[in-house]
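Structure data (mmCIF, C-alpha atoms) from entry-v3.cif:
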```
data_input
loop_
_atom_site.label_atom_id
_atom_site.label_comp_id
_atom_site.auth_asym_id
_atom_site.auth_seq_id
_atom_site.Cartn_x
_atom_site.Cartn_y
_atom_site.Cartn_z
CA MET A 1 -10.60 -29.07 9.15
CA PRO A 2 -8.64 -25.81 8.73
CA LEU A 3 -4.88 -26.06 8.49
CA SER A 4 -2.76 -24.59 11.22
CA VAL A 5 0.04 -22.20 10.33
CA SER A 6 2.64 -24.92 10.76
CA GLU A 7 0.96 -27.10 8.14
CA HIS A 8 1.58 -24.57 5.41
CA THR A 9 4.96 -25.59 3.95
CA SER A 10 7.07 -24.13 1.18
CA LYS A 11 8.11 -26.18 -1.85
CA SER A 12 11.07 -23.86 -2.43
CA LYS A 13 14.61 -24.45 -1.17
CA ALA A 14 15.47 -20.76 -1.55
CA ARG A 15 17.00 -18.69 1.23
CA ALA A 16 14.62 -18.25 4.17
CA GLY A 17 12.91 -14.87 4.12
CA SER A 18 13.41 -14.38 0.38
CA ALA A 19 10.70 -13.73 -2.18
CA ARG A 20 11.39 -17.11 -3.82
CA ALA A 21 10.86 -18.93 -0.52
CA ALA A 22 7.55 -17.16 0.06
CA PHE A 23 6.32 -18.02 -3.42
CA GLY A 24 6.87 -21.70 -2.67
CA TYR A 25 3.74 -21.80 -0.46
CA ARG A 26 0.75 -22.97 -2.50
CA ASP A 27 -1.99 -20.92 -0.84
CA PHE A 28 0.14 -17.79 -0.70
CA ARG A 29 0.96 -18.22 -4.38
CA ILE A 30 -2.73 -18.57 -5.31
CA ILE A 31 -3.88 -15.53 -3.35
CA TRP A 32 -0.94 -13.49 -4.66
CA ILE A 33 -1.82 -14.28 -8.29
CA GLY A 34 -5.53 -13.62 -7.71
CA LEU A 35 -4.91 -10.28 -6.00
CA PHE A 36 -2.34 -9.31 -8.62
CA ALA A 37 -4.87 -9.83 -11.42
CA SER A 38 -7.51 -7.92 -9.47
CA ASN A 39 -5.11 -5.07 -8.76
CA VAL A 40 -4.31 -4.74 -12.45
CA GLY A 41 -7.95 -3.76 -12.93
CA THR A 42 -7.84 -1.46 -9.92
CA TRP A 43 -4.85 0.43 -11.32
CA MET A 44 -6.51 0.69 -14.71
CA GLN A 45 -9.25 2.57 -12.88
CA ASN A 46 -6.78 4.47 -10.69
CA LEU A 47 -5.17 5.82 -13.84
CA ALA A 48 -8.39 6.54 -15.68
CA LEU A 49 -10.49 8.19 -12.94
CA PRO A 50 -8.02 10.91 -11.76
CA ALA A 51 -7.17 11.66 -15.40
CA TYR A 52 -10.89 11.94 -16.23
CA ILE A 53 -11.50 14.24 -13.25
CA ASP A 54 -8.46 16.42 -14.01
CA ALA A 55 -9.42 16.74 -17.67
CA ARG A 56 -13.01 17.58 -16.75
CA THR A 57 -12.29 20.11 -13.97
CA HIS A 58 -8.62 21.20 -14.29
CA LYS A 59 -8.59 21.31 -10.49
CA ALA A 60 -6.15 19.43 -8.27
CA THR A 61 -8.64 19.88 -5.43
CA TRP A 62 -11.24 17.76 -7.23
CA VAL A 63 -8.64 15.09 -7.99
CA ALA A 64 -7.83 15.03 -4.26
CA ILE A 65 -11.52 14.78 -3.33
CA MET A 66 -11.95 11.70 -5.53
CA GLY A 67 -8.81 10.19 -4.04
CA PHE A 68 -10.25 10.76 -0.58
CA ALA A 69 -13.41 8.88 -1.55
CA GLN A 70 -11.32 5.81 -2.36
CA LEU A 71 -8.86 5.82 0.56
CA GLY A 72 -10.33 8.25 3.09
CA PRO A 73 -12.63 5.60 4.65
CA LEU A 74 -9.48 3.83 5.87
CA LEU A 75 -9.18 6.60 8.47
CA LEU A 76 -12.54 5.87 10.08
CA LEU A 77 -13.31 2.26 9.20
CA SER A 78 -10.00 0.41 9.43
CA ILE A 79 -10.32 -0.13 13.19
CA PRO A 80 -13.94 -1.38 12.94
CA GLY A 81 -12.74 -3.51 10.01
CA GLY A 82 -10.14 -5.10 12.28
CA VAL A 83 -12.81 -5.91 14.87
CA LEU A 84 -15.09 -7.40 12.21
CA ALA A 85 -12.20 -9.47 10.84
CA ASP A 86 -12.07 -11.27 14.19
CA ARG A 87 -15.84 -11.60 14.42
CA PHE A 88 -16.75 -13.19 11.06
CA PRO A 89 -15.29 -16.17 9.16
CA ARG A 90 -12.46 -14.71 7.05
CA ARG A 91 -13.30 -16.33 3.71
CA GLN A 92 -16.95 -15.24 3.63
CA TRP A 93 -16.08 -11.78 4.90
CA LEU A 94 -13.40 -11.24 2.26
CA ILE A 95 -15.52 -12.56 -0.62
CA THR A 96 -18.44 -10.33 0.40
CA ASN A 97 -16.23 -7.23 0.44
CA GLN A 98 -14.74 -8.00 -2.97
CA ALA A 99 -18.17 -8.65 -4.49
CA LEU A 100 -19.60 -5.38 -3.20
CA GLN A 101 -16.65 -3.41 -4.55
CA MET A 102 -17.29 -5.05 -7.92
CA VAL A 103 -20.89 -3.82 -7.92
CA PHE A 104 -19.80 -0.24 -7.18
CA ALA A 105 -17.17 -0.40 -9.95
CA VAL A 106 -19.94 -1.20 -12.45
CA ALA A 107 -21.95 1.74 -11.10
CA ILE A 108 -19.04 4.13 -11.67
CA ALA A 109 -18.80 2.95 -15.28
CA PHE A 110 -22.47 3.85 -15.74
CA LEU A 111 -22.00 7.31 -14.20
CA ILE A 112 -18.88 8.12 -16.23
CA ALA A 113 -20.65 7.08 -19.44
CA ARG A 114 -23.36 9.64 -18.70
CA ASP A 115 -20.94 12.37 -17.50
CA SER A 116 -22.99 12.43 -14.32
CA SER A 117 -22.57 14.81 -11.42
CA LEU A 118 -19.12 14.76 -9.82
CA TRP A 119 -20.76 14.30 -6.44
CA ALA A 120 -22.62 11.23 -7.71
CA ILE A 121 -19.31 9.75 -8.87
CA PHE A 122 -17.81 10.68 -5.49
CA ALA A 123 -20.61 8.86 -3.65
CA VAL A 124 -20.12 5.63 -5.60
CA GLN A 125 -16.33 5.82 -5.29
CA LEU A 126 -16.90 6.27 -1.57
CA GLY A 127 -18.81 2.98 -1.57
CA ILE A 128 -15.74 1.22 -2.97
CA GLY A 129 -13.61 2.93 -0.34
CA VAL A 130 -15.90 1.86 2.50
CA PHE A 131 -15.81 -1.84 1.66
CA ASN A 132 -12.10 -1.70 0.90
CA ALA A 133 -11.50 -0.22 4.36
CA LEU A 134 -13.67 -2.82 6.07
CA GLY A 135 -11.99 -5.73 4.27
CA ALA A 136 -8.35 -4.63 4.16
CA PRO A 137 -7.41 -5.55 7.77
CA ALA A 138 -8.82 -9.06 7.32
CA MET A 139 -6.92 -9.55 4.06
CA GLN A 140 -3.59 -8.35 5.41
CA ALA A 141 -4.01 -10.26 8.67
CA SER A 142 -4.73 -13.46 6.71
CA ILE A 143 -1.80 -13.44 4.29
CA PRO A 144 0.91 -13.95 6.97
CA LEU A 145 -0.97 -17.04 8.17
CA LEU A 146 -0.34 -18.75 4.82
CA LEU A 147 3.40 -19.20 5.39
CA SER A 148 5.95 -19.56 8.17
CA LYS A 149 7.14 -16.53 10.08
CA GLU A 150 10.70 -16.83 8.80
CA ASP A 151 9.47 -16.39 5.22
CA LEU A 152 7.17 -13.45 5.99
CA PRO A 153 9.70 -10.79 4.84
CA GLY A 154 9.72 -12.36 1.37
CA ALA A 155 5.92 -12.38 1.30
CA LEU A 156 5.77 -8.70 2.21
CA SER A 157 8.28 -7.91 -0.50
CA LEU A 158 6.10 -9.79 -3.00
CA ASN A 159 3.07 -7.84 -1.77
CA SER A 160 4.91 -4.67 -2.75
CA VAL A 161 5.64 -6.20 -6.15
CA MET A 162 1.97 -7.11 -6.52
CA LEU A 163 0.82 -3.59 -5.73
CA ASN A 164 3.37 -1.84 -7.89
CA GLY A 165 3.64 -4.40 -10.69
CA SER A 166 -0.10 -3.99 -11.20
CA ARG A 167 0.51 -0.23 -11.09
CA VAL A 168 2.70 -0.70 -14.18
CA ILE A 169 0.64 -3.28 -16.06
CA GLY A 170 -2.75 -1.68 -15.31
CA PRO A 171 -2.02 1.75 -16.81
CA ALA A 172 -0.13 0.20 -19.74
CA LEU A 173 -3.05 -2.11 -20.47
CA ALA A 174 -5.53 0.74 -20.10
CA ALA A 175 -3.52 2.88 -22.52
CA ALA A 176 -3.35 0.04 -25.06
CA LEU A 177 -7.07 -0.64 -24.83
CA ILE A 178 -7.97 3.03 -25.16
CA GLY A 179 -5.72 3.15 -28.22
CA LEU A 180 -7.79 0.29 -29.67
CA GLY A 181 -11.02 2.20 -29.14
CA VAL A 182 -12.06 1.00 -25.68
CA THR A 183 -13.85 3.82 -23.85
CA VAL A 184 -13.12 5.01 -20.31
CA PRO A 185 -16.45 3.60 -18.98
CA GLN A 186 -15.54 0.24 -20.51
CA ILE A 187 -12.22 0.36 -18.63
CA PHE A 188 -14.26 0.56 -15.44
CA VAL A 189 -16.32 -2.47 -16.47
CA ILE A 190 -13.09 -4.41 -17.07
CA ASN A 191 -11.93 -3.41 -13.60
CA ALA A 192 -15.17 -4.73 -12.15
CA ALA A 193 -14.59 -8.08 -13.86
CA THR A 194 -11.10 -8.42 -12.38
CA TYR A 195 -12.56 -8.61 -8.87
CA LEU A 196 -13.58 -12.15 -9.85
CA PHE A 197 -9.91 -13.20 -9.78
CA ALA A 198 -9.65 -12.21 -6.12
CA VAL A 199 -12.96 -13.90 -5.27
CA ALA A 200 -11.85 -17.14 -6.95
CA ALA A 201 -8.48 -17.14 -5.18
CA ILE A 202 -10.05 -16.56 -1.76
CA ALA A 203 -12.56 -19.34 -2.42
CA VAL A 204 -9.95 -22.04 -3.07
CA ILE A 205 -7.34 -21.37 -0.36
CA VAL A 206 -7.43 -22.41 3.29
CA ILE A 207 -7.10 -19.53 5.74
CA PRO A 208 -6.05 -20.82 9.17
CA HIS A 209 -8.31 -19.76 12.00
CA VAL A 210 -6.67 -17.69 14.73
CA GLN A 211 -8.65 -17.28 17.92
CA SER A 212 -8.80 -13.72 19.15
CA ARG A 213 -7.49 -13.32 22.70
CA SER A 214 -9.18 -10.01 23.27
CA VAL A 215 -11.26 -9.86 26.46
CA GLU A 216 -12.38 -6.27 25.96
CA ARG A 217 -16.05 -5.48 25.49
CA GLY A 218 -17.98 -2.70 23.79
CA MET A 219 -16.03 0.35 22.68
CA GLN A 220 -12.86 -1.01 24.27
CA LYS A 221 -12.63 -3.54 21.42
CA LEU A 222 -11.89 -0.65 19.07
CA LEU A 223 -8.87 0.39 21.13
CA VAL A 224 -7.09 -2.97 21.33
CA GLY A 225 -4.77 -2.25 18.39
CA ILE A 226 -3.89 1.19 19.75
CA ARG A 227 -3.03 -0.32 23.15
CA ILE A 228 -0.76 -2.95 21.58
CA ALA A 229 1.02 -0.36 19.43
CA ARG A 230 1.58 1.95 22.40
CA GLN A 231 3.04 -0.86 24.49
CA ARG A 232 5.46 -2.04 21.77
CA GLY A 233 7.76 0.81 20.81
CA VAL A 234 8.72 -0.42 17.36
CA LEU A 235 5.06 -0.52 16.28
CA SER A 236 4.31 3.02 17.40
CA ARG A 237 7.54 4.32 15.82
CA MET A 238 6.76 2.74 12.46
CA LEU A 239 3.15 3.95 12.60
CA LEU A 240 4.13 7.54 13.32
CA ALA A 241 6.84 7.47 10.64
CA MET A 242 4.39 6.07 8.06
CA THR A 243 1.76 8.65 9.03
CA ALA A 244 4.20 11.53 8.57
CA PHE A 245 5.55 10.05 5.32
CA SER A 246 2.03 9.64 3.94
CA PHE A 247 0.85 13.14 4.87
CA PHE A 248 3.89 15.22 3.96
CA CYS A 249 5.70 13.15 1.32
CA LEU A 250 3.04 11.23 -0.62
CA PRO A 251 0.32 13.75 -1.61
CA TYR A 252 1.88 13.69 -5.09
CA VAL A 253 0.55 10.13 -5.51
CA SER A 254 -3.06 11.34 -5.40
CA LEU A 255 -2.27 14.55 -7.30
CA PHE A 256 -0.18 12.89 -10.00
CA PRO A 257 -2.18 14.07 -13.07
CA SER A 258 -2.30 17.66 -11.84
CA ILE A 259 1.44 17.69 -11.06
CA ALA A 260 2.23 16.23 -14.49
CA ARG A 261 0.11 18.90 -16.19
CA LEU A 262 1.37 21.88 -14.19
CA ASN A 263 5.02 20.93 -13.64
CA PHE A 264 5.91 19.09 -16.84
CA GLY A 265 3.29 20.24 -19.35
CA ILE A 266 2.00 16.67 -19.75
CA ASP A 267 -1.70 16.29 -20.48
CA SER A 268 -3.34 13.60 -18.32
CA ASN A 269 -4.98 12.03 -21.39
CA SER A 270 -1.72 11.75 -23.35
CA ALA A 271 0.45 8.69 -23.95
CA THR A 272 3.36 10.56 -22.29
CA TYR A 273 1.41 10.78 -19.04
CA LYS A 274 0.74 7.05 -19.10
CA TRP A 275 4.45 6.40 -19.70
CA LEU A 276 5.36 8.66 -16.78
CA TYR A 277 2.89 6.92 -14.49
CA ALA A 278 3.93 3.41 -15.57
CA THR A 279 7.64 4.20 -15.24
CA TRP A 280 7.10 5.53 -11.72
CA GLY A 281 5.12 2.38 -10.90
CA LEU A 282 7.89 0.19 -12.34
CA GLY A 283 10.38 1.91 -10.05
CA ALA A 284 8.12 1.24 -7.05
CA CYS A 285 7.73 -2.40 -8.10
CA LEU A 286 11.49 -2.93 -8.34
CA GLY A 287 12.08 -1.06 -5.08
CA GLY A 288 9.78 -3.45 -3.24
CA LEU A 289 11.23 -6.52 -5.00
CA ALA A 290 14.80 -5.46 -4.24
CA CYS A 291 14.06 -5.56 -0.50
CA GLY A 292 13.20 -9.27 -0.79
CA SER A 293 16.01 -10.22 -3.17
CA VAL A 294 19.06 -8.02 -3.78
CA PHE A 295 18.94 -6.44 -0.32
CA ILE A 296 17.74 -9.51 1.58
CA ARG A 297 20.98 -9.65 3.61
CA PHE A 298 20.95 -6.00 4.56
CA ASP A 299 19.72 -4.60 7.85
CA ARG A 300 16.16 -3.40 7.21
CA ARG A 301 16.63 -0.57 9.68
CA LYS A 302 19.46 0.81 7.54
CA LEU A 303 17.40 0.36 4.37
CA ILE A 304 14.70 2.64 5.79
CA VAL A 305 17.20 5.45 6.42
CA PHE A 306 18.89 5.02 3.03
CA ALA A 307 15.54 4.95 1.23
CA PHE A 308 14.26 8.13 2.90
CA ARG A 309 17.42 9.96 1.82
CA GLY A 310 17.14 8.58 -1.71
CA PHE A 311 13.49 9.61 -1.80
CA ALA A 312 14.41 13.17 -0.75
CA LEU A 313 17.01 13.49 -3.52
CA SER A 314 14.67 12.01 -6.14
CA MET A 315 11.81 14.26 -5.08
CA ALA A 316 14.06 17.33 -5.34
CA GLY A 317 14.92 16.31 -8.91
CA PHE A 318 11.25 15.66 -9.66
CA ALA A 319 10.35 19.13 -8.38
CA LEU A 320 13.02 20.84 -10.47
CA ALA A 321 12.39 18.91 -13.69
CA ASN A 322 10.64 21.02 -16.32
CA GLY A 323 9.70 18.44 -18.92
CA PRO A 324 9.08 14.75 -19.54
CA MET A 325 12.66 13.97 -20.62
CA LEU A 326 13.83 14.46 -17.03
CA ALA A 327 10.58 13.69 -15.23
CA ILE A 328 10.29 10.11 -16.52
CA PRO A 329 13.72 8.77 -15.39
CA ILE A 330 13.58 10.72 -12.13
CA GLY A 331 10.04 9.41 -11.59
CA PHE A 332 11.46 5.88 -11.83
CA LEU A 333 13.92 6.64 -9.00
CA LEU A 334 11.19 8.33 -6.98
CA GLY A 335 9.03 5.21 -7.20
CA PHE A 336 12.01 2.98 -6.38
CA PHE A 337 12.90 4.79 -3.16
CA TYR A 338 9.22 5.20 -2.26
CA PHE A 339 8.68 1.47 -1.89
CA MET A 340 12.22 0.78 -0.79
CA ALA A 341 11.20 2.78 2.30
CA VAL A 342 7.70 1.35 2.73
CA THR A 343 8.63 -2.35 2.33
CA PRO A 344 11.15 -2.64 5.20
CA MET A 345 8.87 -0.51 7.38
CA VAL A 346 5.89 -2.82 6.92
CA THR A 347 8.16 -5.86 7.28
CA ILE A 348 9.41 -4.71 10.67
CA PHE A 349 5.84 -3.78 11.60
CA GLN A 350 4.34 -7.15 10.60
CA THR A 351 7.11 -9.27 12.12
CA ASN A 352 6.68 -7.62 15.51
CA MET A 353 3.08 -8.75 15.95
CA ARG A 354 1.62 -12.03 17.16
CA ASP A 355 -0.88 -13.76 14.88
CA HIS A 356 -3.88 -13.00 17.09
CA GLU A 357 -2.95 -9.29 17.11
CA ARG A 358 -2.67 -8.77 13.34
CA ALA A 359 -6.23 -7.80 12.37
CA ARG A 360 -6.47 -5.14 15.09
CA VAL A 361 -2.98 -3.66 14.65
CA MET A 362 -2.86 -3.78 10.84
CA SER A 363 -5.95 -1.59 10.80
CA LEU A 364 -3.74 1.17 12.21
CA TRP A 365 -1.22 0.63 9.40
CA PHE A 366 -3.94 1.14 6.80
CA MET A 367 -4.95 4.37 8.49
CA ALA A 368 -1.33 5.55 8.41
CA PHE A 369 -0.44 4.38 4.90
CA GLY A 370 -3.67 4.68 2.93
CA GLY A 371 -5.98 7.05 4.75
CA THR A 372 -3.42 9.71 5.64
CA VAL A 373 -2.28 10.08 2.02
CA THR A 374 -5.73 11.40 1.16
CA LEU A 375 -5.61 13.93 4.00
CA GLY A 376 -2.30 15.20 2.66
CA ALA A 377 -3.78 15.47 -0.83
CA LEU A 378 -6.81 17.37 0.49
CA ALA A 379 -4.53 19.74 2.41
CA PHE A 380 -2.06 20.34 -0.40
CA GLY A 381 -4.41 20.16 -3.40
CA PRO A 382 -5.54 23.79 -2.98
CA VAL A 383 -1.87 24.80 -2.57
CA VAL A 384 -1.10 23.19 -5.93
CA ASP A 385 -4.04 25.05 -7.51
CA ARG A 386 -2.86 28.37 -6.03
CA PHE A 387 0.95 28.20 -6.13
CA GLY A 388 1.77 25.22 -8.35
CA PRO A 389 3.29 21.84 -7.40
CA ARG A 390 6.86 22.83 -6.49
CA PRO A 391 6.22 24.16 -2.94
CA VAL A 392 4.36 20.95 -2.10
CA LEU A 393 7.13 18.77 -3.57
CA PHE A 394 9.83 20.62 -1.60
CA ILE A 395 7.84 20.09 1.60
CA SER A 396 8.08 16.39 0.74
CA VAL A 397 11.87 16.72 0.38
CA ALA A 398 12.31 18.35 3.79
CA SER A 399 9.98 15.85 5.46
CA ALA A 400 11.83 12.83 4.02
CA VAL A 401 15.15 14.21 5.29
CA ALA A 402 13.66 14.66 8.78
CA LEU A 403 12.21 11.14 8.72
CA SER A 404 15.59 9.64 7.79
CA TRP A 405 16.72 10.82 11.24
CA TRP A 406 13.57 10.21 13.27
CA ALA A 407 12.84 6.72 11.92
CA ASP A 408 16.41 5.50 12.42
CA LEU A 409 15.87 2.45 14.67
CA ILE A 410 19.62 1.99 15.16
CA ARG A 411 20.53 5.46 16.40
CA ARG A 412 17.15 5.82 18.14
CA PRO A 413 16.60 2.26 19.48
CA THR A 414 13.17 1.05 20.48
CA GLN A 415 11.53 -2.10 21.82
CA MET A 416 10.72 -5.14 19.70
CA LEU A 417 8.75 -8.34 20.18
CA LEU A 418 10.53 -11.39 21.55
CA ASP A 419 9.43 -15.00 21.34
CA ASP A 420 9.19 -15.18 25.15
CA GLU A 421 6.52 -12.45 24.86
CA SER A 422 8.67 -9.86 26.58
CA SER A 423 10.53 -6.89 25.14
CA GLN A 424 14.05 -5.57 25.45
CA PRO A 425 15.98 -2.68 23.96
CA LEU A 426 16.91 -3.16 20.34
CA GLU A 427 20.59 -2.51 20.95
CA THR A 428 20.86 -5.67 23.10
CA ARG A 429 19.75 -7.92 20.24
CA ASN A 430 22.15 -10.11 18.22
CA ALA A 431 23.85 -7.73 15.82
CA THR A 432 25.25 -10.25 13.36
CA SER A 433 22.43 -12.55 12.28
CA LEU A 434 18.90 -12.73 11.01
CA ASP A 435 16.74 -12.79 14.13
CA GLU A 436 13.40 -14.55 14.49
CA HIS A 437 11.53 -11.44 13.44
CA GLY A 438 13.37 -10.83 10.19
CA VAL A 439 15.44 -7.85 11.40
CA VAL A 440 18.97 -8.21 10.11
CA ALA A 441 21.91 -6.31 11.52
CA GLY A 442 25.54 -6.02 10.58
CA GLU A 443 25.86 -5.46 6.84
#
```
Any chance you could give the structure as structure tokens?
Amino acid sequence: MPLSVSEHTSKSKARAGSARAAFGYRDFRIIWIGLFASNVGTWMQNLALPAYIDARTHKATWVAIMGFAQLGPLLLLSIPGGVLADRFPRRQWLITNQALQMVFAVAIAFLIARDSSLWAIFAVQLGIGVFNALGAPAMQASIPLLLSKEDLPGALSLNSVMLNGSRVIGPALAAALIGLGVTVPQIFVINAATYLFAVAAIAVIVIPHVQSRSVERGMQKLLVGIRIARQRGVLSRMLLAMTAFSFFCLPYVSLFPSIARLNFGIDSNSATYKWLYATWGLGACLGGLACGSVFIRFDRRKLIVFAFRGFALSMAGFALANGPMLAIPIGFLLGFFYFMAVTPMVTIFQTNMRDHERARVMSLWFMAFGGTVTLGALAFGPVVDRFGPRPVLFISVASAVALSWWADLIRRPTQMLLDDESSQPLETRNATSLDEHGVVAGE
């Protein structure tokens, strides 16, 4: 018989809401380790494929097109993925999606080995993107069910560590293996094998069943998440802020090899490029971890504003740097403030949803965070090819400054979820303690 949420208990006596407390839950710990190992393979590929495309074409536009194949499907398929997450048993659905992505990863290895058509590689990468988009809402809606609500902020901080820690380890491991004679196609085969870690983790945990309360039929099912977000101000504010951040501030993520080549004179196949990428990823990892440890007592609303301003300053330095000696340390700070902004945003977003709403509403987050980045890269990739990276990077600076004002939930209060299933203005909430949704005020 499936466990209910309340039956998942932490073995840790750490402070509630901290990363240590979240890691005390057995099932959360297992899925975190399995996804971490799988993501290491993913980031090995995410380093190798853009570098391969940039070296082969010397076009930022083509790098952006391949990035769109991986994350673009989130724009169209995240909402259907949320509906399917409620329709099918979670474990079988998640395992199927991981297995299919593994098959496509093997196919990419075959195509790269033959230097096949770029459009053939695009089509297979699109297959990975499609099944990632269909499975992502189910995965992210399931993880919060593995621990109590008070420890969810720590879990979300650890999710950031998982994503960005693998972003450090994956490229470093790929670089080491290539140095030992492993070929780029073989890197893709290794990535395919790492999907087995995620499959094994999903197979051994218990995912509590949450009954959907949606009464909509037909096409209206696709609009449930949008309706919830519109009715709850904090959700719509965070979604719009993340959408703008992704489109205007994060295109550099997809265009990283082209920016390194054009702005800093760093070849995408060089060891220096891998160091730059790994250092930036390390900064992002520590930025996410800091939100669940060092800054656990700080008001998350204030962290968002501080992080956007820090991101703007770091991006200005990144734009003005003219070589790796400056680009690498500034890249660390850029990564740090990047996920120092994203982590409190997703924490506030996740803690202002009810369990039965997660699959539908989280699909919107994936559209904002993942899918929109690729649109920004497609829009700004030709600009980079024509005018160089600096104009695009300075647009990111200006946008981050504007978002530090617009996304300020203290100066621009909005409505949040209450346990009695009603809402009230944020400024009327307790301003001195950790509330039931993990929003801290006062410090």
Hits of the PyMOL selection byres ((chain A and resi 90-105) around 9) in this structure, as a PyMOL selection string: chain A and resi 45+84-89+106-110+124-125+127-132+134-136+138-139+142+188-189+191-196+198-200+202-203+205-207+209
Shell around Leu393 (chain A) at 10 Å using only C-alpha atoms, local window under 5 positions removed, as a list in words: Phe248, Cys249, Leu250, Pro251, Tyr252, Ile259, Ala312, Met315, Ala316, Gly317, Phe318, Ala319, Leu320, Phe380, Val384, Gly388, Ala398 and Ser399 of chain A
Take the residues from that selection and put them in a file with C-alpha atoms, as a PDB file, keeping the file's coordinate frame.
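Result written to part24.pdb:
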```
ATOM      1  CA  PHE A 248       3.890  15.220   3.960  1.00  0.00           C
ATOM      2  CA  CYS A 249       5.700  13.150   1.320  1.00  0.00           C
ATOM      3  CA  LEU A 250       3.040  11.230  -0.620  1.00  0.00           C
ATOM      4  CA  PRO A 251       0.320  13.750  -1.610  1.00  0.00           C
ATOM      5  CA  TYR A 252       1.880  13.690  -5.090  1.00  0.00           C
ATOM      6  CA  ILE A 259       1.440  17.690 -11.060  1.00  0.00           C
ATOM      7  CA  ALA A 312      14.410  13.170  -0.750  1.00  0.00           C
ATOM      8  CA  MET A 315      11.810  14.260  -5.080  1.00  0.00           C
ATOM      9  CA  ALA A 316      14.060  17.330  -5.340  1.00  0.00           C
ATOM     10  CA  GLY A 317      14.920  16.310  -8.910  1.00  0.00           C
ATOM     11  CA  PHE A 318      11.250  15.660  -9.660  1.00  0.00           C
ATOM     12  CA  ALA A 319      10.350  19.130  -8.380  1.00  0.00           C
ATOM     13  CA  LEU A 320      13.020  20.840 -10.470  1.00  0.00           C
ATOM     14  CA  PHE A 380      -2.060  20.340  -0.400  1.00  0.00           C
ATOM     15  CA  VAL A 384      -1.100  23.190  -5.930  1.00  0.00           C
ATOM     16  CA  GLY A 388       1.770  25.220  -8.350  1.00  0.00           C
ATOM     17  CA  ALA A 398      12.310  18.350   3.790  1.00  0.00           C
ATOM     18  CA  SER A 399       9.980  15.850   5.460  1.00  0.00           C
TER      19      SER A 399
END
```
Could you pull the residues within 9 Å of Met242 (chain A), counting only C-alpha atoms, minus those fewer than 6 positions along the same chain, as an mmCIF file with C-alpha atoms, in the coordinates of the input?
```
data_model
loop_
_atom_site.group_PDB
_atom_site.id
_atom_site.type_symbol
_atom_site.label_atom_id
_atom_site.label_comp_id
_atom_site.auth_asym_id
_atom_site.auth_seq_id
_atom_site.Cartn_x
_atom_site.Cartn_y
_atom_site.Cartn_z
ATOM 1 C CA VAL A 342 7.700 1.350 2.730
ATOM 2 C CA MET A 345 8.870 -0.510 7.380
ATOM 3 C CA TRP A 365 -1.220 0.630 9.400
ATOM 4 C CA ALA A 368 -1.330 5.550 8.410
ATOM 5 C CA PHE A 369 -0.440 4.380 4.900
ATOM 6 C CA THR A 372 -3.420 9.710 5.640
#
```
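One finds CA of Arg29 (chain A) at 28.2 Å from CA of Ala175 (chain A).
With CA of Arg26 (chain A) on one side and CA of Met340 (chain A) on the other, the separation reads 26.4 Å.
Among the candidates A:Met238, A:Leu152, A:Leu262, A:Leu403, the one nearest to Ser18 (chain A) when counting all atoms listed in the file is A:Leu152.
Using the PyMOL selection byres ((chain A and resi 225) around 8) on the file at hand returns these residues: Ile79, Leu222, Leu223, Val224, Ile226, Arg227, Ile228, Ala229, Glu357, Arg360, Val361, Met362, Ser363 and Leu364 of chain A.
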Close residues, region 373-376 of chain A itself excluded, 12 Å, only C-alpha atoms, min 4 positions apart in chain, as number ranges by chain: A: 61-75, 129, 242-255, 366-369, 380-384, 392-393, 395-396
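As for CA of Phe36 (chain A) and CA of Gly287 (chain A), they are spaced 17.0 Å apart.
Proximity to Ala307 (chain A) was assessed for A:Ala271, A:Ala377, A:Ala400, A:Phe387 counting all atoms listed in the file; the smallest distance is recorded for A:Ala400.
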Target residues per the PyMOL selection byres ((chain A and resi 19) around 12), formatted as a short mmCIF file (atom, residue, chain, number, x, y, z; two decimals) with C-alpha atoms, in the frame of the given file:
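Now in expr.cif:
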```cif
data_model
loop_
_atom_site.label_atom_id
_atom_site.label_comp_id
_atom_site.auth_asym_id
_atom_site.auth_seq_id
_atom_site.Cartn_x
_atom_site.Cartn_y
_atom_site.Cartn_z
CA SER A 10 7.07 -24.13 1.18
CA SER A 12 11.07 -23.86 -2.43
CA LYS A 13 14.61 -24.45 -1.17
CA ALA A 14 15.47 -20.76 -1.55
CA ARG A 15 17.00 -18.69 1.23
CA ALA A 16 14.62 -18.25 4.17
CA GLY A 17 12.91 -14.87 4.12
CA SER A 18 13.41 -14.38 0.38
CA ARG A 20 11.39 -17.11 -3.82
CA ALA A 21 10.86 -18.93 -0.52
CA ALA A 22 7.55 -17.16 0.06
CA PHE A 23 6.32 -18.02 -3.42
CA GLY A 24 6.87 -21.70 -2.67
CA TYR A 25 3.74 -21.80 -0.46
CA PHE A 28 0.14 -17.79 -0.70
CA ARG A 29 0.96 -18.22 -4.38
CA TRP A 32 -0.94 -13.49 -4.66
CA LEU A 147 3.40 -19.20 5.39
CA GLU A 150 10.70 -16.83 8.80
CA ASP A 151 9.47 -16.39 5.22
CA LEU A 152 7.17 -13.45 5.99
CA PRO A 153 9.70 -10.79 4.84
CA GLY A 154 9.72 -12.36 1.37
CA ALA A 155 5.92 -12.38 1.30
CA LEU A 156 5.77 -8.70 2.21
CA SER A 157 8.28 -7.91 -0.50
CA LEU A 158 6.10 -9.79 -3.00
CA ASN A 159 3.07 -7.84 -1.77
CA SER A 160 4.91 -4.67 -2.75
CA VAL A 161 5.64 -6.20 -6.15
CA MET A 162 1.97 -7.11 -6.52
CA GLY A 288 9.78 -3.45 -3.24
CA LEU A 289 11.23 -6.52 -5.00
CA ALA A 290 14.80 -5.46 -4.24
CA CYS A 291 14.06 -5.56 -0.50
CA GLY A 292 13.20 -9.27 -0.79
CA SER A 293 16.01 -10.22 -3.17
CA VAL A 294 19.06 -8.02 -3.78
CA PHE A 295 18.94 -6.44 -0.32
CA ILE A 296 17.74 -9.51 1.58
#
```
